$ cat target.cif   # mmCIF, C-alpha atoms
data_input
#
loop_
_atom_site.label_atom_id
_atom_site.label_comp_id
_atom_site.auth_asym_id
_atom_site.auth_seq_id
_atom_site.Cartn_x
_atom_site.Cartn_y
_atom_site.Cartn_z
CA MET A 1 148.11 223.20 -118.49
CA GLY A 2 151.18 223.76 -120.64
CA LYS A 3 152.17 226.96 -118.90
CA THR A 4 155.60 225.76 -117.87
CA THR A 5 156.36 224.62 -121.40
CA VAL A 6 155.23 227.98 -122.73
CA SER A 7 157.26 229.85 -120.09
CA ILE A 8 160.51 228.01 -120.72
CA ASN A 9 160.38 228.08 -124.46
CA LEU A 10 159.05 231.60 -124.76
CA ALA A 11 161.74 232.90 -122.41
CA HIS A 12 164.34 231.05 -124.46
CA SER A 13 162.97 232.56 -127.65
CA PHE A 14 163.20 236.09 -126.25
CA ALA A 15 166.72 235.42 -124.99
CA ARG A 16 167.80 234.07 -128.39
CA ALA A 17 166.46 237.26 -129.93
CA GLY A 18 168.83 239.27 -127.74
CA VAL A 19 166.34 240.28 -125.06
CA LYS A 20 167.92 239.99 -121.61
CA THR A 21 165.40 237.63 -120.06
CA LEU A 22 164.81 236.33 -116.55
CA LEU A 23 162.58 233.28 -116.17
CA VAL A 24 161.18 232.93 -112.65
CA ASP A 25 159.65 229.76 -111.28
CA ALA A 26 156.84 230.93 -109.02
CA ASP A 27 155.05 227.60 -109.06
CA PRO A 28 155.46 225.83 -105.72
CA GLN A 29 155.79 222.60 -107.63
CA GLY A 30 158.93 224.05 -109.13
CA SER A 31 158.21 222.89 -112.63
CA VAL A 32 160.59 225.22 -114.40
CA GLY A 33 163.38 224.30 -112.06
CA LEU A 34 162.64 220.61 -112.33
CA SER A 35 162.61 220.88 -116.08
CA LEU A 36 165.80 222.78 -116.43
CA THR A 37 168.15 221.91 -113.60
CA ARG A 38 168.18 218.77 -111.50
CA GLN A 39 169.78 220.63 -108.63
CA SER A 40 167.26 223.44 -108.69
CA ARG A 41 165.57 222.16 -105.56
CA LEU A 42 168.79 222.91 -103.69
CA LEU A 43 168.93 226.52 -104.83
CA ALA A 44 167.58 229.49 -102.95
CA GLY A 45 164.67 230.68 -105.02
CA PHE A 46 161.68 232.93 -105.39
CA TYR A 47 159.78 231.64 -102.36
CA ASP A 48 162.85 231.91 -100.14
CA TYR A 49 163.15 235.53 -101.21
CA LEU A 50 159.52 236.15 -100.27
CA ALA A 51 159.89 234.51 -96.88
CA ASP A 52 163.29 235.82 -95.85
CA PRO A 53 164.22 239.51 -96.17
CA GLY A 54 167.84 238.51 -95.57
CA ILE A 55 168.13 236.82 -98.97
CA SER A 56 169.47 239.13 -101.64
CA PHE A 57 168.10 239.16 -105.16
CA ASP A 58 171.51 238.56 -106.71
CA ARG A 59 171.84 235.30 -104.86
CA LEU A 60 168.83 233.88 -106.68
CA ILE A 61 170.00 234.33 -110.25
CA VAL A 62 171.14 231.21 -112.07
CA PRO A 63 172.95 231.98 -115.33
CA THR A 64 172.67 229.67 -118.34
CA ARG A 65 174.92 229.00 -121.31
CA LEU A 66 173.00 231.69 -123.16
CA GLU A 67 174.27 235.00 -121.88
CA THR A 68 170.91 236.71 -122.19
CA PHE A 69 168.99 233.95 -120.38
CA SER A 70 168.90 233.57 -116.58
CA LEU A 71 166.68 231.68 -114.20
CA VAL A 72 165.33 231.98 -110.69
CA ALA A 73 164.28 228.65 -109.19
CA SER A 74 161.25 228.12 -107.00
CA GLY A 75 163.43 227.43 -103.99
CA GLN A 76 163.29 225.66 -100.68
CA GLY A 77 160.57 227.89 -99.32
CA SER A 78 158.04 226.71 -101.87
CA ASP A 79 156.50 224.24 -99.42
CA TYR A 80 155.62 227.27 -97.35
CA GLU A 81 153.07 228.30 -99.92
CA ALA A 82 151.75 224.90 -100.80
CA GLY A 83 148.53 225.40 -98.87
CA GLY A 84 147.80 228.72 -100.51
CA GLY A 85 148.25 232.06 -98.90
CA GLY A 86 146.33 235.22 -98.38
CA MET A 87 146.11 237.63 -101.23
CA GLY A 88 148.30 240.64 -100.46
CA ALA A 89 150.44 238.84 -97.90
CA HIS A 90 153.50 238.99 -100.16
CA LEU A 91 152.66 242.02 -102.24
CA ALA A 92 155.44 244.22 -100.91
CA ARG A 93 158.08 241.55 -101.31
CA VAL A 94 156.93 240.59 -104.81
CA ARG A 95 157.16 244.23 -105.82
CA ALA A 96 160.62 244.50 -104.30
CA PHE A 97 161.60 241.47 -106.38
CA ILE A 98 160.32 243.04 -109.59
CA ARG A 99 162.08 246.33 -108.84
CA SER A 100 165.30 244.34 -108.41
CA VAL A 101 164.75 242.64 -111.77
CA SER A 102 164.52 246.01 -113.42
CA ALA A 103 167.47 247.45 -111.51
CA ARG A 104 169.61 244.45 -112.50
CA GLY A 105 169.09 245.40 -116.16
CA PHE A 106 166.76 242.65 -117.35
CA ASP A 107 164.59 243.64 -120.28
CA LEU A 108 161.95 241.02 -119.62
CA CYS A 109 160.89 238.93 -116.67
CA ILE A 110 158.60 235.98 -117.28
CA ILE A 111 157.10 234.54 -114.11
CA ASP A 112 155.67 231.04 -114.30
CA THR A 113 153.00 231.12 -111.60
CA ALA A 114 150.94 228.43 -109.95
CA ALA A 115 147.43 227.96 -111.27
CA GLY A 116 144.69 230.13 -109.77
CA LEU A 117 144.49 233.82 -109.00
CA PHE A 118 144.99 233.87 -105.23
CA GLY A 119 147.95 233.80 -102.86
CA VAL A 120 151.33 234.57 -104.35
CA THR A 121 149.96 234.19 -107.88
CA GLY A 122 147.52 237.01 -107.14
CA ASP A 123 150.32 239.15 -105.73
CA VAL A 124 152.46 238.53 -108.82
CA ILE A 125 149.61 239.50 -111.14
CA ALA A 126 148.88 242.54 -109.01
CA SER A 127 152.48 243.65 -109.52
CA SER A 128 153.04 242.86 -113.19
CA ASP A 129 152.70 244.83 -116.38
CA ALA A 130 151.09 242.10 -118.40
CA ILE A 131 149.64 238.63 -118.25
CA LEU A 132 149.60 235.83 -120.80
CA ILE A 133 147.08 233.05 -120.22
CA PRO A 134 147.97 229.59 -121.53
CA GLN A 135 144.79 227.61 -122.03
CA GLN A 136 144.67 223.94 -122.88
CA ALA A 137 142.52 223.24 -125.92
CA GLU A 138 140.05 220.89 -124.33
CA PRO A 139 136.39 221.42 -123.38
CA LEU A 140 136.71 221.14 -119.60
CA GLY A 141 139.47 223.72 -119.42
CA ILE A 142 137.65 226.21 -121.59
CA ARG A 143 134.54 226.01 -119.44
CA SER A 144 136.59 227.60 -116.67
CA VAL A 145 137.36 230.69 -118.76
CA PRO A 146 134.49 232.82 -117.36
CA LYS A 147 135.78 232.34 -113.80
CA LEU A 148 139.24 233.29 -114.94
CA LEU A 149 137.99 236.45 -116.62
CA GLU A 150 136.01 237.40 -113.52
CA GLY A 151 139.06 236.93 -111.34
CA LEU A 152 141.29 238.96 -113.63
CA ASN A 153 138.78 241.79 -113.67
CA ARG A 154 138.91 241.83 -109.87
CA LEU A 155 142.70 241.86 -109.87
CA ARG A 156 142.70 244.85 -112.18
CA VAL A 157 141.19 246.80 -109.31
CA MET A 158 144.47 246.31 -107.47
CA ASN A 159 146.62 246.74 -110.55
CA PRO A 160 144.96 249.07 -113.06
CA ARG A 161 148.15 248.97 -115.12
CA LEU A 162 147.79 245.27 -115.88
CA SER A 163 147.53 244.56 -119.57
CA VAL A 164 146.07 241.28 -120.76
CA LEU A 165 148.23 240.06 -123.62
CA GLY A 166 145.76 237.32 -124.37
CA VAL A 167 145.01 233.63 -124.26
CA CYS A 168 147.40 231.19 -125.90
CA LEU A 169 145.91 227.83 -126.82
CA THR A 170 148.18 224.98 -125.79
CA MET A 171 148.28 221.22 -126.26
CA VAL A 172 146.25 221.52 -129.42
CA GLN A 173 145.73 218.13 -131.04
CA HIS A 174 144.87 218.49 -134.69
CA ASP A 175 143.96 214.81 -134.96
CA LEU A 176 141.38 215.04 -132.17
CA ALA A 177 138.03 216.62 -132.99
CA GLU A 178 137.28 217.63 -129.37
CA SER A 179 140.56 219.53 -129.18
CA THR A 180 140.15 221.44 -132.44
CA GLU A 181 136.48 222.13 -131.69
CA ALA A 182 137.37 223.50 -128.27
CA ALA A 183 140.01 225.73 -129.82
CA ALA A 184 137.54 226.99 -132.41
CA ALA A 185 134.87 227.58 -129.76
CA LEU A 186 137.24 229.67 -127.66
CA ARG A 187 138.17 231.78 -130.66
CA GLN A 188 134.50 232.33 -131.34
CA LEU A 189 133.79 233.17 -127.72
CA LEU A 190 136.50 235.76 -127.08
CA PRO A 191 137.39 238.97 -128.92
CA PRO A 192 139.86 238.16 -131.73
CA GLU A 193 142.55 240.36 -130.22
CA MET A 194 142.38 238.34 -127.00
CA VAL A 195 143.42 235.02 -128.55
CA PHE A 196 146.90 234.61 -129.97
CA GLN A 197 147.07 233.38 -133.55
CA THR A 198 149.93 231.13 -132.54
CA GLN A 199 148.84 227.96 -130.82
CA ILE A 200 151.05 225.35 -129.21
CA PRO A 201 150.53 221.81 -130.47
CA ARG A 202 150.79 218.74 -128.28
CA ASP A 203 154.15 217.35 -129.33
CA GLY A 204 156.39 214.56 -128.07
CA LEU A 205 159.35 216.88 -128.62
CA PHE A 206 158.32 218.86 -125.54
CA VAL A 207 158.45 215.76 -123.39
CA ARG A 208 161.88 214.91 -124.74
CA ALA A 209 163.14 218.44 -124.19
CA SER A 210 161.84 218.43 -120.63
CA ALA A 211 163.44 215.05 -119.94
CA ARG A 212 166.80 216.41 -121.05
CA GLY A 213 166.36 219.65 -119.13
CA LEU A 214 166.48 221.85 -122.22
CA PRO A 215 164.32 224.36 -124.05
CA ILE A 216 163.00 222.75 -127.20
CA GLY A 217 165.02 224.95 -129.52
CA VAL A 218 168.21 223.39 -128.20
CA LEU A 219 167.28 219.89 -129.39
CA GLU A 220 168.85 218.69 -132.63
CA ASP A 221 165.41 218.35 -134.22
CA GLY A 222 163.79 221.17 -132.27
CA ALA A 223 164.10 223.92 -134.86
CA GLY A 224 160.60 223.29 -136.20
CA ALA A 225 159.03 223.58 -132.79
CA GLN A 226 161.11 226.65 -131.98
CA VAL A 227 159.40 228.41 -134.88
CA VAL A 228 156.13 228.17 -132.96
CA PHE A 229 157.53 229.99 -129.94
CA ASP A 230 159.31 232.56 -132.12
CA SER A 231 155.93 233.28 -133.68
CA LEU A 232 154.35 233.70 -130.24
CA ARG A 233 157.22 235.98 -129.22
CA ARG A 234 156.64 238.23 -132.22
CA GLU A 235 152.95 238.50 -131.40
CA ILE A 236 153.81 239.48 -127.84
CA GLU A 237 156.41 242.00 -128.96
CA ALA A 238 153.81 243.64 -131.17
CA LYS A 239 151.45 243.92 -128.21
CA LEU A 240 154.07 245.14 -125.73
CA GLU A 241 155.75 247.72 -127.94
CA PRO A 242 153.03 250.36 -127.75
CA ASN A 243 153.14 250.17 -123.97
CA GLY A 244 156.89 249.83 -123.55
CA GLY A 245 156.20 247.07 -121.04
CA HIS A 246 159.06 245.04 -119.70
CA HIS A 247 157.51 242.53 -117.38
CA ALA A 248 155.11 239.72 -118.00
CA ALA A 249 153.42 237.46 -115.55
CA ARG A 250 151.62 234.32 -116.45
CA GLY A 251 148.84 232.64 -114.57
CA MET B 1 127.47 218.51 -130.36
CA ASP B 2 128.95 221.81 -129.25
CA PRO B 3 131.23 220.91 -126.32
CA ILE B 4 131.51 224.43 -124.93
CA ASN B 5 128.53 226.70 -125.37
CA PRO B 6 125.94 224.75 -123.35
CA TRP B 7 128.15 225.48 -120.33
CA LEU B 8 128.79 229.14 -120.94
CA ASP B 9 126.93 232.38 -121.35
CA PRO B 10 128.66 233.79 -124.45
CA VAL B 11 127.30 237.28 -123.89
CA GLU B 12 128.62 237.41 -120.33
CA VAL B 13 131.99 235.97 -121.34
CA ARG B 14 132.33 238.53 -124.11
CA ARG B 15 131.42 241.33 -121.70
CA LEU B 16 134.09 240.21 -119.22
CA ALA B 17 136.66 239.79 -121.98
CA ASP B 18 135.96 243.17 -123.53
CA ARG B 19 136.29 244.80 -120.12
CA LEU B 20 139.66 243.15 -119.64
CA MET B 21 140.99 244.15 -123.03
CA LYS B 22 139.92 247.76 -122.63
CA PRO B 23 142.78 249.92 -121.34
CA ASN B 24 142.01 250.99 -117.84
CA ALA B 25 140.81 254.52 -117.60
CA GLU B 26 142.76 254.98 -114.38
CA PRO B 27 146.19 256.49 -115.05
CA ALA B 28 148.97 253.96 -114.90
CA ALA B 29 150.70 253.92 -111.54
CA PRO B 30 154.42 253.47 -111.16
CA LEU B 31 155.59 249.92 -110.51
CA ALA B 32 155.78 250.24 -106.76
CA ASP B 33 152.41 251.84 -106.47
CA ALA B 34 148.93 250.48 -106.70
CA GLY B 35 147.36 253.32 -104.85
CA PHE B 36 149.94 253.75 -102.12
CA GLY B 37 153.14 255.20 -103.52
CA GLU B 38 156.79 254.59 -102.77
CA GLY B 39 156.62 257.26 -100.14
CA PHE B 40 154.26 255.06 -98.16
CA VAL B 41 156.38 254.35 -95.12
CA GLY B 42 154.57 251.15 -94.32
CA TYR B 43 156.40 249.25 -97.01
CA ALA B 44 159.83 250.68 -96.35
CA ALA B 45 160.70 247.69 -94.20
CA ALA B 46 160.58 244.26 -95.70
CA PRO B 47 158.03 242.01 -94.05
CA PRO B 48 159.38 239.23 -91.89
CA PRO B 49 158.38 235.67 -92.77
CA LEU B 50 154.96 234.66 -91.58
CA PRO B 51 154.02 231.12 -90.67
CA PRO B 52 151.53 229.73 -93.20
CA GLN B 53 148.61 229.58 -90.81
CA LYS B 54 148.90 233.29 -90.23
CA VAL B 55 148.93 234.35 -93.84
CA GLN B 56 145.19 234.48 -94.10
CA ALA B 57 142.81 233.60 -91.37
CA PRO B 58 139.52 232.40 -92.81
CA ALA B 59 136.89 234.19 -90.82
CA VAL B 60 133.75 232.34 -91.70
CA PRO B 61 134.50 228.62 -91.33
CA THR B 62 136.21 229.09 -88.00
CA PRO B 63 134.29 227.58 -85.10
CA PRO B 64 133.44 229.86 -82.19
CA PRO B 65 136.44 230.35 -79.92
CA VAL B 66 136.83 228.04 -76.95
CA SER B 67 138.78 230.71 -75.14
CA PRO B 68 137.56 234.07 -76.36
CA PRO B 69 139.81 237.11 -76.23
CA PRO B 70 139.98 238.88 -72.88
CA PRO B 71 136.61 240.46 -72.18
CA PRO B 72 136.56 244.17 -72.78
CA PRO B 73 136.17 246.45 -69.81
CA GLU B 74 133.11 247.83 -71.45
CA ASN B 75 131.14 245.96 -74.06
CA PRO B 76 130.85 248.29 -77.03
CA THR B 77 127.34 247.09 -77.62
CA SER B 78 126.14 247.19 -74.04
CA ALA B 79 124.93 250.74 -74.23
CA ARG B 80 123.02 252.23 -77.10
CA GLY B 81 123.14 255.83 -78.16
CA PRO B 82 123.85 257.61 -81.39
CA PHE B 83 125.62 255.55 -84.02
CA LEU B 84 128.83 257.54 -83.80
CA ASP B 85 128.92 257.10 -80.03
CA ARG B 86 128.62 253.35 -80.47
CA ILE B 87 131.37 253.41 -83.07
CA SER B 88 133.58 255.41 -80.70
CA ARG B 89 133.05 252.81 -77.98
CA PHE B 90 133.83 250.10 -80.50
CA ARG B 91 137.06 251.91 -81.38
CA ASP B 92 138.02 252.10 -77.69
CA TRP B 93 137.26 248.40 -77.33
CA MET B 94 139.50 247.63 -80.34
CA ARG B 95 142.29 249.74 -78.90
CA HIS B 96 142.07 248.14 -75.49
CA ASN B 97 141.87 244.53 -76.62
CA PHE B 98 143.95 244.46 -79.77
CA SER B 99 146.12 247.60 -79.52
CA ALA B 100 144.46 248.69 -82.74
CA THR B 101 145.12 252.13 -84.20
CA GLY B 102 144.11 253.90 -87.38
CA ILE B 103 140.66 252.35 -87.32
CA PHE B 104 138.35 253.14 -90.21
CA ILE B 105 135.09 251.78 -91.56
CA LEU B 106 133.97 251.88 -95.18
CA ASP B 107 130.50 251.21 -96.46
CA ARG B 108 129.63 248.89 -99.34
CA GLU B 109 130.26 251.66 -101.84
CA GLY B 110 133.70 252.27 -100.41
CA ALA B 111 132.70 255.56 -98.78
CA VAL B 112 134.34 256.37 -95.45
CA ILE B 113 131.84 256.37 -92.59
CA PHE B 114 134.35 256.47 -89.75
CA ASP B 115 138.04 257.27 -89.89
CA GLU B 116 140.78 257.94 -87.44
CA SER B 117 143.59 256.89 -89.78
CA HIS B 118 143.37 259.96 -92.05
CA HIS B 119 145.22 257.87 -94.61
CA GLY B 120 143.41 257.52 -97.92
CA ARG B 121 145.92 255.00 -99.18
CA LEU B 122 144.99 252.63 -96.41
CA HIS B 123 141.35 252.98 -97.45
CA PHE B 124 142.30 252.19 -101.03
CA LEU B 125 144.31 249.18 -99.96
CA ALA B 126 141.50 247.93 -97.73
CA ARG B 127 138.93 248.29 -100.50
CA SER B 128 141.19 246.47 -102.94
CA LEU B 129 141.91 243.65 -100.54
CA ALA B 130 138.26 243.28 -99.58
CA LEU B 131 137.25 243.14 -103.24
CA THR B 132 139.87 240.65 -104.27
CA SER B 133 139.23 238.39 -101.30
CA ARG B 134 135.58 238.06 -102.20
CA ARG B 135 134.73 234.82 -103.95
CA PRO B 136 131.50 234.25 -105.82
CA GLY B 137 128.88 232.59 -103.67
CA ALA B 138 130.83 232.95 -100.44
CA SER B 139 131.06 235.54 -97.72
CA ALA B 140 134.13 237.72 -97.86
CA GLY B 141 136.85 236.67 -95.44
CA ASN B 142 139.26 238.80 -93.52
CA VAL B 143 142.62 239.64 -95.04
CA HIS B 144 145.71 241.13 -93.51
CA VAL B 145 148.84 242.56 -94.98
CA LYS B 146 152.07 243.57 -93.30
CA ILE B 147 152.56 247.29 -93.82
CA GLY B 148 155.64 247.83 -91.70
CA ALA B 149 157.68 246.59 -88.78
CA GLY B 150 155.16 245.72 -86.07
CA ALA B 151 152.24 246.98 -88.11
CA THR B 152 149.67 244.90 -89.96
CA LEU B 153 146.59 246.23 -91.70
CA GLU B 154 143.70 243.96 -90.80
CA VAL B 155 140.76 244.19 -93.19
CA ILE B 156 137.54 242.58 -91.99
CA PRO B 157 134.39 242.66 -94.10
CA VAL B 158 131.31 242.45 -91.87
CA GLU B 159 127.73 241.87 -92.91
CA THR B 160 125.49 244.15 -90.88
CA ALA B 161 121.88 245.21 -90.83
CA TYR B 162 122.97 248.25 -92.84
CA GLY B 163 124.76 246.21 -95.47
CA SER B 164 128.32 245.11 -95.91
CA LEU B 165 130.92 247.18 -94.06
CA VAL B 166 134.67 246.94 -94.32
CA LEU B 167 136.61 247.49 -91.12
CA GLY B 168 140.26 248.44 -91.37
CA ALA B 169 142.59 248.58 -88.40
CA VAL B 170 146.34 248.70 -87.92
CA VAL B 171 147.36 246.09 -85.36
CA PRO B 172 150.78 244.96 -84.13
CA GLU B 173 150.19 241.41 -85.34
CA ALA B 174 147.56 239.77 -87.48
CA LEU B 175 144.49 238.82 -85.47
CA ASP B 176 143.83 235.16 -84.92
CA PRO B 177 140.52 233.63 -86.07
CA PRO B 178 138.75 233.86 -82.67
CA ALA B 179 139.69 237.52 -82.39
CA VAL B 180 138.45 238.18 -85.92
CA LEU B 181 135.17 236.52 -85.07
CA ALA B 182 134.80 238.61 -81.91
CA VAL B 183 135.46 241.80 -83.87
CA MET B 184 132.94 240.83 -86.53
CA GLU B 185 130.27 240.16 -83.93
CA ALA B 186 130.98 243.38 -82.07
CA LEU B 187 130.82 245.53 -85.21
CA ALA B 188 127.67 243.78 -86.38
CA GLN B 189 126.07 244.64 -83.03
CA VAL B 190 127.26 248.24 -83.15
CA ALA B 191 125.82 248.63 -86.64
CA SER B 192 122.49 247.06 -85.81
CA PRO B 193 119.34 249.17 -85.55
CA PRO B 194 118.04 249.87 -82.04
CA PRO B 195 115.52 247.40 -80.63
CA GLU B 196 111.85 248.23 -81.16
CA ASN B 197 111.29 249.07 -77.50
CA ALA B 198 114.45 251.08 -77.08
#

$ encode --input "target.cif" --output "structure tokens"
Amino acid sequence: MGKTTVSINLAHSFARAGVKTLLVDADPQGSVGLSLTRQSRLLAGFYDYLADPGISFDRLIVPTRLETFSLVASGQGSDYEAGGGGMGAHLARVRAFIRSVSARGFDLCIIDTAAGLFGVTGDVIASSDAILIPQQAEPLGIRSVPKLLEGLNRLRVMNPRLSVLGVCLTMVQHDLAESTEAAAALRQLLPPEMVFQTQIPRDGLFVRASARGLPIGVLEDGAGAQVVFDSLRREIEAKLEPNGGHHAARG
Amino acid sequence: MDPINPWLDPVEVRRLADRLMKPNAEPAAPLADAGFGEGFVGYAAAPPPLPPQKVQAPAVPTPPPVSPPPPPPENPTSARGPFLDRISRFRDWMRHNFSATGIFILDREGAVIFDESHHGRLHFLARSLALTSRRPGASAGNVHVKIGAGATLEVIPVETAYGSLVLGAVVPEALDPPAVLAVMEALAQVASPPPENA
């Protein structure tokens, strides 16, 4: 939960910092596209590219008002994947996509994937340099962490290069004991370097930003919330710099 | 009350997490390569779209076929003999019925016990796919991946009397569930010990 919010606003933060950023909606529900452009369902997107070798990468790119920020929508073909697909079925095409991102001169590609570690999500993770794991600060979600860690360890067999940036706590409610306790428990459970210091609060501003189809930093009163994502960006930059990584996938 | 820890094994979680955070000892591969490099001709052609039902055929829940694949001219399990002879007959049966080439079989440790592909990268890919398709508490299912125009690597884990084997075969098109089931049964028979009175 919260991964689309993190993807949009983190990508916007990187773009504002001058990093040429591509945000890709790889969630069949098309959340990024729905959030940012009402017409995104009409655009050719990531899933069309996977399904149709005749679609060129350049055709997918949607520029924004910010020169350093571009999008790729989920696309018409997203229904194709709705039932889940076999791991490895799209590996070659996903890798071709990522090579095109690099060749087109993007510094960073953030891929907002569907939940789970199988199907296209698995292929994306098996092709990426790094993964960031948004985790909702609530007890039920955190109980699933062991399964997630097991799955990621298996995926590292296919992609030994994969670096785990860490878990980012989202939807943290400081006025709710269960939420803060869950956040504290996760920090206690995992190695400190695996949990980002920055955590994303539950905030009505995000709903408003989504309703207007904008990253939160663009709202008149969004500067305060933007600070949160700028902080997350700096943490990620510090982790990526030693590796010189350019691509991040999120699950 | 602690809302988390009664549900988790903190020691196991920490072990998994530490393993993930540790840089992999294996040298980093270039972007296009997870064991089979850019020179691997199988990925030179982009894969055509596959209908959803063909992306992954679940092997285990599939009911027995109503119309099984055409019967082989010679049942690979009908005659016993040394293990390698039985495997050779199995290979012929795969070729005849499914136009399979490059057949190889790996044991549970990933060691090659039969190989006519002579392509280590295919072995690596098959091992990786078999591992990642395995879900806790469930039998591993078959997986296939398009490796070129008219060529699909079919990976079929099979539980046998000698343990879990992974069959890899290059076929023109992904096998349908009844065919996968037939292959699993045939390999399980081939890899079964001889009867007591044999």

$ interface_residues --input "target.cif" --of "chain A" --to "chain B" --cutoff "8 Å" --atoms "all atoms listed in the file" --output "ChimeraX atom specification"
/A:50-53,80-81,83,85-90,92-93,95-96,99,127-128,139,142-143,145-146,149-150,152-155,157-161,163-164,178,181-182,185,189-191,194

$ axis_aligned_box --input "target.cif" --around "stretch 158-165 of chain B" --padding-each-side "3 Å" --output "lines of an AutoDock Vina configuration file"
center_x = 126.6
center_y = 245.1
center_z = -93.4
size_x = 15.4
size_y = 12.4
size_z = 11.1

$ residues_around --input "target.cif" --residues "stretch 179-191 of chain B" --least-positions-apart "4" --cutoff "6 Å" --atoms "all atoms listed in the file" --output "PyMOL selection string"
chain B and resi 77+86+158+160+175

$ write_last_selection --input "target.cif" --atoms "C-alpha atoms" --output "PDB file, keeping the file's coordinate frame"
ATOM      1  CA  THR B  77     127.340 247.090 -77.620  1.00  0.00           C
ATOM      2  CA  ARG B  86     128.620 253.350 -80.470  1.00  0.00           C
ATOM      3  CA  VAL B 158     131.310 242.450 -91.870  1.00  0.00           C
ATOM      4  CA  THR B 160     125.490 244.150 -90.880  1.00  0.00           C
ATOM      5  CA  LEU B 175     144.490 238.820 -85.470  1.00  0.00           C
TER       6      LEU B 175
END

$ resolve_selection --input "target.cif" --expression "the PyMOL selection byres ((chain B and resi 95) around 12)" --output "MDAnalysis selection string"
chainID B and resid 72:74 76 88:94 96:103 116 169:172 183

$ residues_around --input "target.cif" --residues "A:Phe97" --least-positions-apart "3" --cutoff "10 Å" --atoms "only C-alpha atoms" --output "ChimeraX atom specification"
/A:46,49-50,56-57,91-94,100-103,124,127

$ atom_distance --input "target.cif" --atom1 "atom CA of B:Glu173" --atom2 "atom CA of B:Glu154"
8.9 Å

$ residues_near_point --input "target.cif" --point "(159.4, 232.8, -125.7)" --cutoff "10 Å" --atoms "all atoms listed in the file" --output "NGL selection string"
:A and (5-17 or 21 or 110 or 215 or 226 or 228-234 or 236)

$ resolve_selection --input "target.cif" --expression "the PyMOL selection byres ((chain A and resi 69) around 8)" --output "MDAnalysis selection string"
chainID A and resid 11:12 15 20:23 63:68 70:71

$ resolve_selection --input "target.cif" --expression "the PyMOL selection byres ((chain A and resi 134) around 7)" --output "ChimeraX atom specification"
/A:2-3,132-133,135-136,167-170

$ atom_distance --input "target.cif" --atom1 "atom CA of A:Met171" --atom2 "atom CA of A:Asp203"
7.7 Å

$ atom_distance --input "target.cif" --atom1 "atom CA of A:Gly116" --atom2 "atom CA of A:Leu186"
19.4 Å
